[in-house]
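Source file: input23.tsv; contents: TSV, C-alpha atoms.
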chain	number	residue	atom	x	y	z
G	7	MET	CA	84.88	169.37	121.97
G	8	SER	CA	82.26	171.38	120.07
G	9	ILE	CA	79.35	171.94	122.44
G	10	GLY	CA	77.25	173.40	119.61
G	11	HIS	CA	77.60	170.29	117.45
G	12	THR	CA	76.99	168.01	120.40
G	13	LEU	CA	73.76	169.80	121.33
G	14	LEU	CA	72.70	169.75	117.69
G	15	GLY	CA	73.35	166.02	117.56
G	16	LEU	CA	71.25	165.50	120.66
G	17	LEU	CA	68.40	167.37	118.99
G	18	GLU	CA	68.37	164.96	116.06
G	19	SER	CA	66.27	162.47	117.98
G	20	GLY	CA	63.54	165.11	118.56
G	21	PRO	CA	62.88	168.63	119.88
G	22	ARG	CA	63.96	169.39	123.45
G	23	HIS	CA	63.96	172.21	125.95
G	24	GLY	CA	67.25	173.78	127.00
G	25	TYR	CA	67.01	172.04	130.34
G	26	ASP	CA	66.53	168.61	128.73
G	27	LEU	CA	69.49	169.29	126.48
G	28	LYS	CA	71.71	170.09	129.44
G	29	ARG	CA	70.58	166.96	131.24
G	30	ALA	CA	71.16	164.75	128.20
G	31	PHE	CA	74.56	166.33	127.62
G	32	ASP	CA	75.66	165.87	131.24
G	33	GLU	CA	74.44	162.28	131.26
G	34	LYS	CA	76.24	161.27	128.07
G	35	PHE	CA	79.30	163.50	127.93
G	36	GLY	CA	79.65	165.70	131.01
G	37	HIS	CA	80.95	163.11	133.46
G	38	ASP	CA	83.58	165.38	134.90
G	39	ARG	CA	82.46	168.74	133.50
G	40	PRO	CA	78.71	169.35	133.45
G	41	LEU	CA	77.45	172.21	131.28
G	42	HIS	CA	76.36	175.49	132.85
G	43	TYR	CA	72.87	176.66	131.96
G	44	GLY	CA	74.42	179.85	130.60
G	45	GLN	CA	76.48	177.83	128.12
G	46	VAL	CA	73.41	175.98	126.90
G	47	TYR	CA	71.36	179.12	126.32
G	48	SER	CA	74.18	181.10	124.73
G	49	THR	CA	74.95	178.16	122.43
G	50	MET	CA	71.28	177.73	121.51
G	51	SER	CA	70.92	181.45	120.64
G	52	ARG	CA	73.95	181.19	118.40
G	53	LEU	CA	72.57	178.08	116.70
G	54	LEU	CA	69.20	179.83	116.32
G	55	LYS	CA	70.84	182.88	114.78
G	56	ASN	CA	72.73	180.66	112.33
G	57	GLY	CA	69.57	178.83	111.29
G	58	LEU	CA	70.76	175.46	112.61
G	59	VAL	CA	67.86	175.18	115.09
G	60	GLU	CA	64.41	176.70	115.27
G	61	VAL	CA	61.98	177.31	118.09
G	62	ASP	CA	59.46	174.51	117.97
G	63	GLY	CA	57.23	175.85	120.71
G	64	ILE	CA	57.15	178.06	123.78
G	65	GLU	CA	55.63	176.95	127.03
G	66	PRO	CA	54.69	179.69	129.44
G	67	GLY	CA	55.35	178.84	133.08
G	68	GLY	CA	55.77	180.39	136.47
G	69	GLY	CA	59.33	181.43	135.67
G	70	PRO	CA	60.83	182.41	132.34
G	71	GLU	CA	59.28	181.05	129.14
G	72	ARG	CA	60.60	177.63	128.14
G	73	LYS	CA	61.60	177.36	124.49
G	74	ARG	CA	61.58	174.01	122.82
G	75	TYR	CA	64.23	173.73	120.13
G	76	ALA	CA	64.18	171.60	116.98
G	77	ILE	CA	67.08	170.95	114.62
G	78	THR	CA	66.72	172.31	111.06
G	79	ASP	CA	67.87	170.58	107.85
G	80	ALA	CA	70.88	172.90	107.87
G	81	GLY	CA	71.58	171.72	111.42
G	82	VAL	CA	71.47	168.06	110.40
G	83	THR	CA	73.87	168.80	107.55
G	84	ASP	CA	76.15	170.62	109.95
G	85	VAL	CA	76.27	167.64	112.34
G	86	GLN	CA	76.85	165.27	109.43
G	87	GLN	CA	79.76	167.40	108.24
G	88	TRP	CA	81.28	167.61	111.71
G	89	LEU	CA	81.07	163.84	112.23
G	90	ALA	CA	82.51	163.09	108.81
G	91	THR	CA	85.48	165.45	109.21
G	92	PRO	CA	88.40	163.84	111.03
G	93	GLU	CA	89.89	165.75	113.93
G	94	LYS	CA	93.38	167.13	113.66
G	95	PRO	CA	95.44	164.56	115.55
G	96	GLU	CA	96.69	166.06	118.80
G	97	PRO	CA	97.16	164.91	122.38
G	98	TYR	CA	94.10	164.56	124.60
G	99	LEU	CA	91.68	164.23	121.74
G	100	GLN	CA	89.69	161.47	123.40
G	101	SER	CA	86.77	163.53	124.67
G	102	THR	CA	85.99	164.93	121.22
G	103	LEU	CA	86.39	161.54	119.56
G	104	TYR	CA	84.29	159.86	122.21
G	105	THR	CA	81.56	162.47	121.75
G	106	LYS	CA	81.59	161.97	117.99
G	107	VAL	CA	81.35	158.20	118.29
G	108	VAL	CA	78.47	158.36	120.78
G	109	LEU	CA	76.61	160.94	118.68
G	110	ALA	CA	77.08	158.82	115.55
G	111	LEU	CA	75.56	155.86	117.42
G	112	LEU	CA	72.72	157.93	118.85
G	113	THR	CA	71.84	159.30	115.43
G	114	HIS	CA	72.22	155.90	113.70
G	115	ARG	CA	75.18	156.97	111.59
G	116	ASN	CA	78.10	154.71	110.76
G	117	ALA	CA	80.41	154.99	113.78
G	118	ALA	CA	82.87	152.41	112.39
G	119	GLU	CA	83.34	154.56	109.32
G	120	LEU	CA	83.99	157.59	111.52
G	121	LEU	CA	86.68	155.67	113.41
G	122	ASP	CA	88.28	154.45	110.15
G	123	THR	CA	88.38	157.99	108.78
G	124	GLN	CA	89.98	159.23	111.98
G	125	ARG	CA	92.51	156.41	111.95
G	126	SER	CA	93.45	157.36	108.42
G	127	GLU	CA	93.98	160.98	109.45
G	128	HIS	CA	96.18	159.87	112.34
G	129	LEU	CA	98.18	157.62	110.04
G	130	ARG	CA	98.62	160.44	107.55
G	131	LEU	CA	100.33	162.50	110.24
G	132	MET	CA	102.31	159.47	111.44
G	133	ARG	CA	103.65	159.00	107.88
G	134	ILE	CA	104.81	162.63	107.79
G	135	LEU	CA	106.54	162.24	111.16
G	136	THR	CA	108.11	158.90	110.18
G	137	ASP	CA	109.46	160.48	107.03
G	138	ARG	CA	110.81	163.47	108.95
G	139	LYS	CA	112.41	161.09	111.41
G	140	ARG	CA	114.17	159.14	108.66
G	141	GLN	CA	115.73	162.28	107.30
G	142	GLY	CA	116.44	164.04	110.58
G	143	ASP	CA	119.15	164.01	113.20
G	144	LEU	CA	118.81	162.39	116.62
G	145	ALA	CA	116.97	165.41	118.08
G	146	ASP	CA	114.40	165.27	115.25
G	147	GLN	CA	114.07	161.55	115.78
G	148	LEU	CA	113.36	161.90	119.49
G	149	ILE	CA	110.88	164.74	118.99
G	150	CYS	CA	109.06	162.83	116.26
G	151	ASP	CA	109.09	159.68	118.42
G	152	HIS	CA	107.32	161.51	121.21
G	153	ALA	CA	104.55	162.63	118.85
G	154	LEU	CA	104.39	159.18	117.24
G	155	PHE	CA	103.89	157.43	120.58
G	156	HIS	CA	101.02	159.79	121.45
G	157	LEU	CA	99.38	159.24	118.09
G	158	GLU	CA	99.84	155.51	118.46
G	159	ALA	CA	98.07	155.63	121.82
G	160	ASP	CA	95.13	157.41	120.16
G	161	LEU	CA	95.09	154.77	117.45
G	162	ARG	CA	94.98	151.99	119.99
G	163	TRP	CA	92.01	153.71	121.55
G	164	LEU	CA	90.35	153.94	118.12
G	165	GLU	CA	90.94	150.21	117.58
G	166	LEU	CA	89.56	149.26	120.97
G	167	THR	CA	86.55	151.47	120.50
G	168	ALA	CA	85.93	149.97	117.06
G	169	ALA	CA	86.01	146.53	118.65
G	170	ARG	CA	83.53	147.60	121.30
G	171	LEU	CA	81.08	149.52	119.12
G	172	ASP	CA	78.25	147.03	119.54
G	173	ARG	CA	78.49	147.19	123.33
G	174	LEU	CA	78.79	150.97	123.28
G	175	ALA	CA	75.74	151.25	121.02
G	176	GLU	CA	73.77	149.16	123.48
G	177	ALA	CA	74.94	151.27	126.41
G	178	VAL	CA	74.24	154.69	124.92
G	179	THR	CA	70.87	153.88	123.36
G	180	ARG	CA	69.57	152.07	126.45
P	2	MET	CA	85.94	132.05	91.05
P	3	THR	CA	83.24	134.04	89.35
P	4	ALA	CA	83.26	137.78	89.96
P	5	THR	CA	85.53	139.87	87.80
P	6	ALA	CA	86.28	143.55	87.50
P	7	THR	CA	88.58	145.73	85.45
P	8	PRO	CA	91.76	146.25	87.48
P	9	PRO	CA	92.65	149.88	88.28
P	10	ALA	CA	94.98	151.31	85.62
P	11	GLY	CA	98.63	150.56	86.26
P	12	SER	CA	98.01	148.14	89.09
P	13	LEU	CA	100.29	145.16	89.42
P	14	LEU	CA	98.17	142.98	91.67
P	15	THR	CA	94.42	143.33	92.03
P	16	ALA	CA	91.78	141.40	93.89
P	17	HIS	CA	88.07	141.89	93.49
P	18	ASP	CA	85.24	140.71	95.72
P	19	LEU	CA	87.15	137.86	97.37
P	20	ARG	CA	85.21	135.42	99.50
P	21	LYS	CA	86.71	132.68	101.56
P	22	ALA	CA	85.24	130.53	104.32
P	23	TYR	CA	86.87	127.88	106.50
P	24	GLY	CA	83.95	125.65	107.37
P	25	PRO	CA	81.35	127.82	109.07
P	26	THR	CA	83.84	130.66	109.60
P	27	THR	CA	83.85	133.44	107.03
P	28	ALA	CA	87.37	134.82	106.64
P	29	LEU	CA	86.78	137.06	103.61
P	30	ASP	CA	83.43	138.50	102.70
P	31	GLY	CA	83.85	140.56	99.55
P	32	ALA	CA	87.35	141.98	100.08
P	33	SER	CA	89.05	143.90	97.30
P	34	PHE	CA	92.59	145.18	96.93
P	35	SER	CA	95.00	146.70	94.44
P	36	ILE	CA	98.64	147.72	94.49
P	37	HIS	CA	100.92	149.46	92.01
P	38	PRO	CA	104.61	148.72	91.38
P	39	GLY	CA	106.77	150.42	93.99
P	40	GLU	CA	103.86	151.05	96.32
P	41	VAL	CA	103.79	150.03	99.99
P	42	VAL	CA	100.26	149.24	101.17
P	43	ALA	CA	99.49	148.40	104.79
P	44	VAL	CA	96.68	145.92	105.41
P	45	MET	CA	95.33	146.71	108.84
P	46	GLY	CA	92.56	145.39	111.04
P	47	PRO	CA	91.92	143.61	114.32
P	48	SER	CA	92.96	140.01	114.96
P	49	GLY	CA	90.77	137.60	113.05
P	50	SER	CA	89.53	140.27	110.65
P	51	GLY	CA	90.78	138.36	107.61
P	52	LYS	CA	93.92	140.35	106.80
P	53	SER	CA	96.27	137.34	106.73
P	54	THR	CA	93.78	135.36	104.63
P	55	LEU	CA	93.70	138.28	102.20
P	56	LEU	CA	97.51	138.18	101.98
P	57	HIS	CA	97.52	134.41	101.47
P	58	CYS	CA	94.95	134.72	98.67
P	59	LEU	CA	96.88	137.56	96.98
P	60	ALA	CA	100.07	135.50	97.16
P	61	GLY	CA	98.41	132.44	95.63
P	62	ILE	CA	98.95	130.38	98.79
P	63	VAL	CA	95.21	130.04	99.42
P	64	THR	CA	92.54	129.83	96.72
P	65	PRO	CA	89.49	132.00	97.40
P	66	ASP	CA	86.01	130.48	97.11
P	67	SER	CA	85.00	133.24	94.72
P	68	GLY	CA	86.25	136.55	93.38
P	69	SER	CA	89.12	137.34	91.05
P	70	ILE	CA	92.83	138.00	91.49
P	71	THR	CA	94.84	139.45	88.65
P	72	TYR	CA	98.62	139.61	88.71
P	73	SER	CA	100.36	141.56	85.98
P	74	GLY	CA	97.32	141.17	83.74
P	75	ARG	CA	96.95	137.43	84.32
P	76	GLU	CA	94.00	135.90	86.14
P	77	MET	CA	95.43	133.71	88.92
P	78	ALA	CA	92.52	131.27	88.69
P	79	THR	CA	93.69	130.27	85.22
P	80	MET	CA	97.10	129.18	86.54
P	81	ASN	CA	97.72	125.64	87.70
P	82	ASP	CA	99.53	124.77	90.94
P	83	SER	CA	102.98	124.59	89.40
P	84	GLN	CA	102.52	127.93	87.63
P	85	ARG	CA	101.46	129.49	90.92
P	86	SER	CA	104.45	127.93	92.69
P	87	ALA	CA	106.77	129.30	90.02
P	88	LEU	CA	105.20	132.72	90.49
P	89	ARG	CA	105.77	132.56	94.24
P	90	ARG	CA	109.40	131.49	93.74
P	91	SER	CA	110.38	134.05	91.15
P	92	GLU	CA	108.04	137.02	91.33
P	93	PHE	CA	107.00	137.11	94.99
P	94	GLY	CA	109.02	137.44	98.19
P	95	PHE	CA	107.81	136.62	101.69
P	96	VAL	CA	108.65	137.81	105.19
P	97	PHE	CA	106.75	136.40	108.15
P	98	GLN	CA	106.80	137.04	111.88
P	99	PHE	CA	108.52	133.84	113.04
P	100	GLY	CA	110.58	130.82	112.10
P	101	GLN	CA	111.35	131.42	108.50
P	102	LEU	CA	115.09	130.69	108.41
P	103	VAL	CA	116.37	127.14	108.03
P	104	PRO	CA	118.31	126.50	111.27
P	105	GLU	CA	120.81	124.08	109.69
P	106	LEU	CA	121.98	126.58	107.08
P	107	THR	CA	124.22	129.59	107.63
P	108	CYS	CA	122.74	133.05	107.16
P	109	VAL	CA	124.27	133.49	103.71
P	110	GLU	CA	123.03	130.04	102.67
P	111	ASN	CA	119.55	130.98	103.90
P	112	VAL	CA	119.55	134.17	101.85
P	113	ALA	CA	120.89	132.33	98.80
P	114	LEU	CA	118.33	129.52	99.11
P	115	PRO	CA	115.58	130.95	96.82
P	116	LEU	CA	118.15	131.46	94.05
P	117	ARG	CA	119.54	127.94	94.53
P	118	LEU	CA	115.98	126.55	94.26
P	119	ASN	CA	115.63	128.44	90.97
P	120	GLY	CA	118.78	126.72	89.66
P	121	THR	CA	121.39	129.44	90.21
P	122	SER	CA	124.90	128.15	90.97
P	123	ARG	CA	126.02	128.22	94.59
P	124	LYS	CA	128.77	130.76	93.94
P	125	GLU	CA	126.54	133.16	92.07
P	126	ALA	CA	123.65	132.76	94.54
P	127	GLU	CA	125.88	133.48	97.53
P	128	ARG	CA	127.42	136.48	95.82
P	129	ALA	CA	123.94	137.96	95.24
P	130	ALA	CA	122.96	136.98	98.78
P	131	LEU	CA	125.91	138.84	100.22
P	132	THR	CA	125.00	142.00	98.29
P	133	TRP	CA	121.55	141.93	99.85
P	134	MET	CA	122.97	141.16	103.29
P	135	GLU	CA	125.18	144.26	102.98
P	136	ARG	CA	122.13	146.38	102.16
P	137	LEU	CA	120.32	144.98	105.16
P	138	GLU	CA	123.47	145.53	107.29
P	139	VAL	CA	123.86	141.86	108.23
P	140	ASP	CA	126.78	140.84	105.99
P	141	GLY	CA	128.87	140.32	109.12
P	142	LEU	CA	126.63	137.37	110.02
P	143	LYS	CA	127.15	135.39	106.83
P	144	GLY	CA	128.80	132.39	108.49
P	145	LYS	CA	126.51	132.26	111.51
P	146	ARG	CA	123.49	130.02	111.89
P	147	PRO	CA	120.05	131.54	112.71
P	148	GLY	CA	120.27	130.28	116.29
P	149	GLU	CA	123.38	132.40	116.82
P	150	VAL	CA	121.87	135.77	115.81
P	151	SER	CA	119.39	138.10	117.54
P	152	GLY	CA	115.72	138.38	116.57
P	153	GLY	CA	116.27	141.70	114.80
P	154	GLN	CA	119.29	140.40	112.91
P	155	GLY	CA	117.43	137.23	111.94
P	156	GLN	CA	114.54	139.29	110.60
P	157	ARG	CA	116.91	141.37	108.47
P	158	VAL	CA	118.40	138.16	107.10
P	159	ALA	CA	114.84	137.05	106.29
P	160	VAL	CA	114.18	140.35	104.48
P	161	ALA	CA	117.39	139.88	102.48
P	162	ARG	CA	116.25	136.39	101.55
P	163	ALA	CA	112.84	137.70	100.48
P	164	LEU	CA	114.44	140.30	98.22
P	165	VAL	CA	117.29	138.24	96.75
P	166	THR	CA	115.23	137.14	93.74
P	167	ASN	CA	114.29	140.77	93.00
P	168	PRO	CA	110.60	140.03	93.47
P	169	ARG	CA	107.99	142.34	92.03
P	170	VAL	CA	105.80	141.91	95.10
P	171	LEU	CA	107.00	141.48	98.67
P	172	PHE	CA	104.45	140.05	101.11
P	173	ALA	CA	105.25	140.90	104.72
P	174	ASP	CA	102.98	139.47	107.42
P	175	GLU	CA	103.63	141.20	110.77
P	176	PRO	CA	107.35	141.43	109.92
P	177	THR	CA	108.21	143.24	113.14
P	178	GLY	CA	105.71	141.48	115.39
P	179	ALA	CA	108.39	139.71	117.40
P	180	LEU	CA	110.81	142.64	117.65
P	181	ASP	CA	111.23	145.55	120.06
P	182	SER	CA	110.58	149.14	118.86
P	183	LEU	CA	114.13	149.98	117.80
P	184	ASN	CA	114.75	146.74	115.94
P	185	GLY	CA	111.29	146.83	114.39
P	186	GLU	CA	111.88	150.34	113.17
P	187	ARG	CA	115.24	149.50	111.61
P	188	VAL	CA	113.78	146.46	109.86
P	189	MET	CA	110.98	148.60	108.43
P	190	GLU	CA	113.39	151.33	107.30
P	191	LEU	CA	115.63	148.83	105.54
P	192	LEU	CA	112.76	146.81	104.12
P	193	THR	CA	110.95	149.80	102.61
P	194	GLU	CA	114.16	151.40	101.33
P	195	ALA	CA	115.23	148.16	99.68
P	196	ALA	CA	111.80	147.58	98.16
P	197	ARG	CA	111.58	151.12	96.83
P	198	SER	CA	115.03	150.89	95.29
P	199	THR	CA	113.90	147.88	93.22
P	200	ASN	CA	110.38	149.23	92.58
P	201	ALA	CA	108.90	146.20	94.34
P	202	ALA	CA	105.36	146.51	95.64
P	203	VAL	CA	104.99	145.66	99.33
P	204	VAL	CA	101.83	144.19	100.86
P	205	LEU	CA	102.37	144.81	104.56
P	206	VAL	CA	100.02	143.11	106.99
P	207	THR	CA	100.28	144.73	110.40
P	208	HIS	CA	98.20	145.72	113.39
P	209	GLU	CA	100.85	148.22	114.50
P	210	ALA	CA	100.31	151.85	113.52
P	211	ARG	CA	104.01	152.68	113.75
P	212	VAL	CA	104.74	149.96	111.21
P	213	ALA	CA	101.85	151.02	108.98
P	214	ALA	CA	103.32	154.54	109.01
P	215	TYR	CA	106.02	153.24	106.64
P	216	SER	CA	103.34	152.57	104.01
P	217	ASP	CA	101.99	154.86	101.31
P	218	ARG	CA	98.38	154.06	102.14
P	219	GLU	CA	96.34	151.60	104.12
P	220	VAL	CA	93.53	149.16	103.48
P	221	VAL	CA	91.45	148.29	106.53
P	222	VAL	CA	89.98	144.79	106.81
P	223	ARG	CA	87.12	144.26	109.22
P	224	ASP	CA	84.86	141.18	109.35
P	225	GLY	CA	86.32	140.02	106.05
P	226	LYS	CA	85.46	143.24	104.23
P	227	SER	CA	88.09	145.68	103.03
P	228	ARG	CA	88.09	149.44	102.96
P	229	ASP	CA	90.66	151.32	100.92
P	230	MET	CA	91.12	154.52	102.89
P	231	GLU	CA	92.83	156.50	100.13
P	232	ARG	CA	89.98	155.97	97.73
P	233	ILE	CA	87.44	157.06	100.34
P	234	VAL	CA	88.94	159.90	102.38

When written as structure tokens, how does the structure in this file appear?
Amino acid sequence: MSIGHTLLGLLESGPRHGYDLKRAFDEKFGHDRPLHYGQVYSTMSRLLKNGLVEVDGIEPGGGPERKRYAITDAGVTDVQQWLATPEKPEPYLQSTLYTKVVLALLTHRNAAELLDTQRSEHLRLMRILTDRKRQGDLADQLICDHALFHLEADLRWLELTAARLDRLAEAVTR
Amino acid sequence: MTATATPPAGSLLTAHDLRKAYGPTTALDGASFSIHPGEVVAVMGPSGSGKSTLLHCLAGIVTPDSGSITYSGREMATMNDSQRSALRRSEFGFVFQFGQLVPELTCVENVALPLRLNGTSRKEAERAALTWMERLEVDGLKGKRPGEVSGGQGQRVAVARALVTNPRVLFADEPTGALDSLNGERVMELLTEAARSTNAAVVLVTHEARVAAYSDREVVVRDGKSRDMERIV
């Protein structure tokens, strides 16, 4: 999963401090792997350097200064591009796909379209494997079958998620 | 039917902005579709999305409330019932999920049936039927009745019957829905090979990705609306 894109997506709803970003990330996506503060700050400096976020304000406090980050137009474009680009089908893709779907819902983009585009990418690879299987020997067939079953499992997940988008939208925007 | 559109160049069967409701239930809500000769297009979507209604409209089995369907340059709405029936008998082939073979007839008689209905002699029809049964690897079952063959074998007999008239469009609605993986796969291999060898277009309704993987492209139907993935991605 791209932490940079996910943090950028979370900034689309309004400027946030690094701490708020970490909390939002952990709440939505970090169920089993919360972000370390170090990861948040190193990611934000990279995004800052690349012009995808800007410092919206600095609040002095007892400890270190607290920067509030805002997404730039280039950042919004970057998130849009990331969401619109299907992932290369591979095993254990769910966390990235889940993140993309939730971010699309949070930022009021078309999550159904994202799922359709991903399904198409999966099917494209399934066609290549099916073709290879037709022309191959038994070993090729078994190897391709293994990959096909994994891709099919992803596709079932995509279908189920598509069917539950309304409920998911309610849950994540609550 | 009111809406019209210029069909994509070279397309054999085109539908534009189809709408169909059954009472208060909307089955199609502006669906469009096109297929070229020799192309295999999967129509995918969840249960109740309207994919089977789309197939039935394309095949002239159901008349849409509005929208246009053009087959080989002819507007379907201008055809009367008997012209549409003739089209279905001679230009279209059908494979469904269940119960398509006549239980009283032998397998070869089942395959020969569409030709017999078109007036072909018994001898000639059964000769053509046997050729197709060989291609579908079920010629050994010619004397058996559908109740005596397995599900996979029966489905291959049904595919042979759908192709025996050399249709230009084959409509397959969940053709492997009742089969296990291996049998389903073999049916799809034989079906697509046979269709490609005769340059028939195949409209393949399925909810199974492994079946859709035998297609050239997919159209997704959701809530009665279609999305042609190739023209978007």

### Message
I need the contact residues of chain P against chain G, so if you could list those with any atom within 8 Å, counting only C-alpha atoms, and return them as a PyMOL selection string, that would help.
### Response
chain P and resi 47+190+210-211+213-217+219+221+230+234

### Message
For a cutoff of 8 Å around the file-coordinate point (72.4, 164.8, 120.7), which residues qualify once you count all atoms listed in the file? I'd like the result as a PyMOL selection string.
### Response
chain G and resi 12-19+27+30-31+109+112-113

### Task
Give me, please, the distance in Å between CA of Tyr23 (chain P) and CA of Lys226 (chain P), quoted to one decimal.
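Atom-to-atom, CA of Tyr23 (chain P) and CA of Lys226 (chain P) are spaced 15.6 Å apart.
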
### Message
Is it possible to get the residues within 10 Å of (81.1, 171.9, 121.9) (coordinates as in the file, counting all atoms listed in the file) written as a PyMOL selection string?
### Response
chain G and resi 7-14+45+49+102+105

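Nearest residue to Thr166 (chain P), choosing from P:Gln154, P:Asn184, P:Ser91, P:Thr199 and counting all atoms listed in the file: P:Ser91.
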
### Query
Mind pulling up the distance from CA of Asp30 (chain P) to CA of Thr167 (chain G)?
22.2 Å

### Task
Select, from G:Gly57, G:Ser101, G:Val108, G:Ser48, the residue with the minimum atom-to-atom distance to Arg170 (chain G), counting all atoms listed in the file.
G:Val108

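In this structure, CA of Asp181 (chain P) sits 8.2 Å away from CA of Gly153 (chain P).
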
### Contact residues around region 206-208 of chain P with only C-alpha atoms at 10 Å, ignoring same-chain residues under 6 positions, as a ChimeraX atom specification
/G:162,165 /P:42-48,52-53,55-56,97,172-178,219-221
